[in-house]
Every structure is written in structure tokens, then in C-alpha cells.
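Peer 1: Attaching a single structure in C-alpha cells format; questions to follow.
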Amino acid sequence: QVQLVESGGGLVQAGGSLRLSCAVSGSIFSFNSMGWYRQAPEKQRELVALVTSGGSTIYADSVKGRFTISRDSAKNTVYLQMNSLKPDDTAVYYCRGVRPPNDSWGQGTQVTVSS
């Protein structure tokens with residue numbers, strides 16, 4: 001079973017930056033795409049950013065221009081660079097490997113942005 005392990009979360013002031021990492025125990029190309037999702041308290045989990053195996057990227061409107069998803073195939077790691085962070089970005093961030101019907105999820109990493 002492929003495992004996904006997130007890291008890089010923490011507490012940051014508004015306007016600051018964080019970089020999240022998602023380390024995959026196997027090849028990131030064993031998935032159709034890799035994505036970052038987030039879930040704030042009492043809210044639905046939502047897509048933040050996604051990169052396909054072909055390299056195309058998709059971003060939520062709320063993070064366009066501020067967040068960047070990237071990958072390092074040699075390290076089997078997917079990153080989420082988050083700049084100009086806002087209090088509304090506070091959430092648990094999850095990494096997802098999309099491979100229907102058996103997606104893989106990480107355990108999540110907390111990001112807290114103070115005003």
C-alpha cells in the first residue's frame with residue numbers, strides 16, 4: 001500500500017509563506033494526479049491544487065496567484081508553496097493520490113494563519 005506523508009505545516013502570520021511537502025512511498029506517477037486539499041473546521045474538504053501526471057495544474061480560485069503546486073519525481077514528493085497567506089487559509093491540508101477506485105490520502109498537516 002502506497003503511503004503519503006505530509007509535512008511543513010505550522011503557525012504563520014498573515015502575509016507569510018509556508019511550503020508543504022507530500023512524500024510518497026512509491027512513485028508519484030503511479031497516480032493519475034496528485035492534489036492538495038484542505039478542510040477548515042465545520043467546512044467541507046475542498047480542492048486547493050492538483051497536478052496531473054502530464055504536468056497540467058489546476059488551482060482553486062481562492063489560491064490562484066498565491067499557491068504553487070510542484071513535484072520532484074526523483075524524490076517522489078509533491079510540494080505546495082503557499083505565499084501571501086490569509087487567515088482564511090487556516091485548515092488541515094491533505095495530500096491525495098488520485099487513482100480510481102483506490103485513492104490514497106495522507107494524514108494531514110495543520111496550517112494556521114494568524115491575523
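Just so we're on the same page: first chain in the C-alpha cells is A, next is B, and so on; residues restart at 1 for each chain, and ligands are numbered from 1 in the order they show up.
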Mind listing the strand (DSSP E or B) residues of chain A, per DSSP on the backbone, as a PyMOL selection string?

Peer 2: chain A and resi 4-7+10-13+18-24+33-39+46-52+57-59+67-72+77-82+91-98+104-105+109-114

Peer 1: Produce a file of the selected residues containing C-alpha atoms, as an mmCIF file, in the first residue's frame.

Peer 2:
data_model
loop_
_atom_site.group_PDB
_atom_site.id
_atom_site.type_symbol
_atom_site.label_atom_id
_atom_site.label_comp_id
_atom_site.auth_asym_id
_atom_site.auth_seq_id
_atom_site.Cartn_x
_atom_site.Cartn_y
_atom_site.Cartn_z
ATOM 1 C CA LEU A 4 1.528 9.633 1.609
ATOM 2 C CA VAL A 5 3.105 11.672 4.400
ATOM 3 C CA GLU A 6 2.607 15.429 4.629
ATOM 4 C CA SER A 7 4.895 17.842 6.424
ATOM 5 C CA GLY A 10 2.632 25.292 11.176
ATOM 6 C CA LEU A 11 1.671 28.692 12.508
ATOM 7 C CA VAL A 12 2.409 31.746 10.373
ATOM 8 C CA GLN A 13 1.332 35.368 10.352
ATOM 9 C CA LEU A 18 4.874 28.031 4.053
ATOM 10 C CA ARG A 19 5.880 25.097 1.890
ATOM 11 C CA LEU A 20 4.091 21.811 2.363
ATOM 12 C CA SER A 21 5.621 18.533 1.276
ATOM 13 C CA CYS A 22 3.949 15.225 0.463
ATOM 14 C CA ALA A 23 6.331 12.289 0.398
ATOM 15 C CA VAL A 24 5.067 9.252 -1.490
ATOM 16 C CA SER A 33 -2.738 13.027 -10.491
ATOM 17 C CA MET A 34 -1.590 14.377 -7.145
ATOM 18 C CA GLY A 35 -3.517 17.008 -5.273
ATOM 19 C CA TRP A 36 -3.636 19.137 -2.186
ATOM 20 C CA TYR A 37 -6.938 19.526 -0.370
ATOM 21 C CA ARG A 38 -7.880 21.359 2.780
ATOM 22 C CA GLN A 39 -10.574 21.201 5.392
ATOM 23 C CA GLU A 46 -12.029 21.260 -0.831
ATOM 24 C CA LEU A 47 -9.517 21.039 -3.637
ATOM 25 C CA VAL A 48 -6.653 23.521 -3.364
ATOM 26 C CA ALA A 49 -4.368 22.474 -6.206
ATOM 27 C CA LEU A 50 -3.766 19.474 -8.417
ATOM 28 C CA VAL A 51 -1.074 18.350 -10.836
ATOM 29 C CA THR A 52 -1.733 15.640 -13.405
ATOM 30 C CA THR A 57 -2.153 22.100 -12.945
ATOM 31 C CA ILE A 58 -5.478 23.205 -11.510
ATOM 32 C CA TYR A 59 -5.992 25.712 -8.700
ATOM 33 C CA PHE A 67 -0.086 28.988 -4.196
ATOM 34 C CA THR A 68 2.019 26.817 -6.474
ATOM 35 C CA ILE A 69 1.956 23.044 -6.739
ATOM 36 C CA SER A 70 5.061 21.271 -7.960
ATOM 37 C CA ARG A 71 6.645 17.850 -7.902
ATOM 38 C CA ASP A 72 10.055 16.262 -7.750
ATOM 39 C CA THR A 77 7.492 14.312 -3.461
ATOM 40 C CA VAL A 78 4.806 16.858 -4.247
ATOM 41 C CA TYR A 79 5.016 20.374 -2.857
ATOM 42 C CA LEU A 80 2.617 23.199 -2.192
ATOM 43 C CA GLN A 81 4.275 26.592 -1.945
ATOM 44 C CA MET A 82 1.909 28.968 -0.189
ATOM 45 C CA ALA A 91 -7.149 24.431 7.690
ATOM 46 C CA VAL A 92 -5.806 20.914 7.777
ATOM 47 C CA TYR A 93 -4.110 20.286 4.441
ATOM 48 C CA TYR A 94 -4.209 16.815 2.931
ATOM 49 C CA CYS A 95 -2.292 15.250 0.093
ATOM 50 C CA ARG A 96 -4.213 12.937 -2.233
ATOM 51 C CA GLY A 97 -3.013 10.490 -4.830
ATOM 52 C CA VAL A 98 -5.787 10.036 -7.377
ATOM 53 C CA SER A 104 -4.611 7.389 -1.292
ATOM 54 C CA TRP A 105 -4.681 10.140 1.321
ATOM 55 C CA THR A 109 -0.892 18.759 8.322
ATOM 56 C CA GLN A 110 -2.284 21.770 10.177
ATOM 57 C CA VAL A 111 -1.787 25.243 8.755
ATOM 58 C CA THR A 112 -2.786 28.150 10.972
ATOM 59 C CA VAL A 113 -2.585 31.736 9.746
ATOM 60 C CA SER A 114 -2.878 34.433 12.394
#

Peer 1: Assign secondary structure with DSSP using the backbone only, and return the residues of chain A in helix (DSSP H, G or I) as an MDAnalysis selection string.

Peer 2: chainID A and resid 28:30 87:89

Peer 1: Interatomic distance between CA of Ala14 (chain A) and CA of Asn83 (chain A)?

Peer 2: 9.5 Å

Peer 1: Pick from A:Thr90, A:Asn102, A:Ser27, A:Gln1: nearest to Ser53 (chain A), with only C-alpha atoms counted?

Peer 2: A:Ser27

Peer 1: Suppose you want the space between CA of Gly9 (chain A) and CA of Pro101 (chain A); what is it in Å?

Peer 2: 28.4 Å

Peer 1: Between CA of Arg66 (chain A) and CA of Gln3 (chain A), what is the spacing in Å?

Peer 2: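 These atoms are spaced 27.7 Å apart.
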
Peer 1: Which one of A:Gly8, A:Gly55, A:Gly26, A:Gly15 sits closest to Asp88 (chain A) if you count only C-alpha atoms?

Peer 2: A:Gly15

Peer 1: May I ask which of the residues A:Ser25, A:Asp89, A:Asn32, A:Ser17 is the closest one to Gly106 (chain A), counting only C-alpha atoms?

Peer 2: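 So, comparing all the options, the nearest one is A:Ser25.
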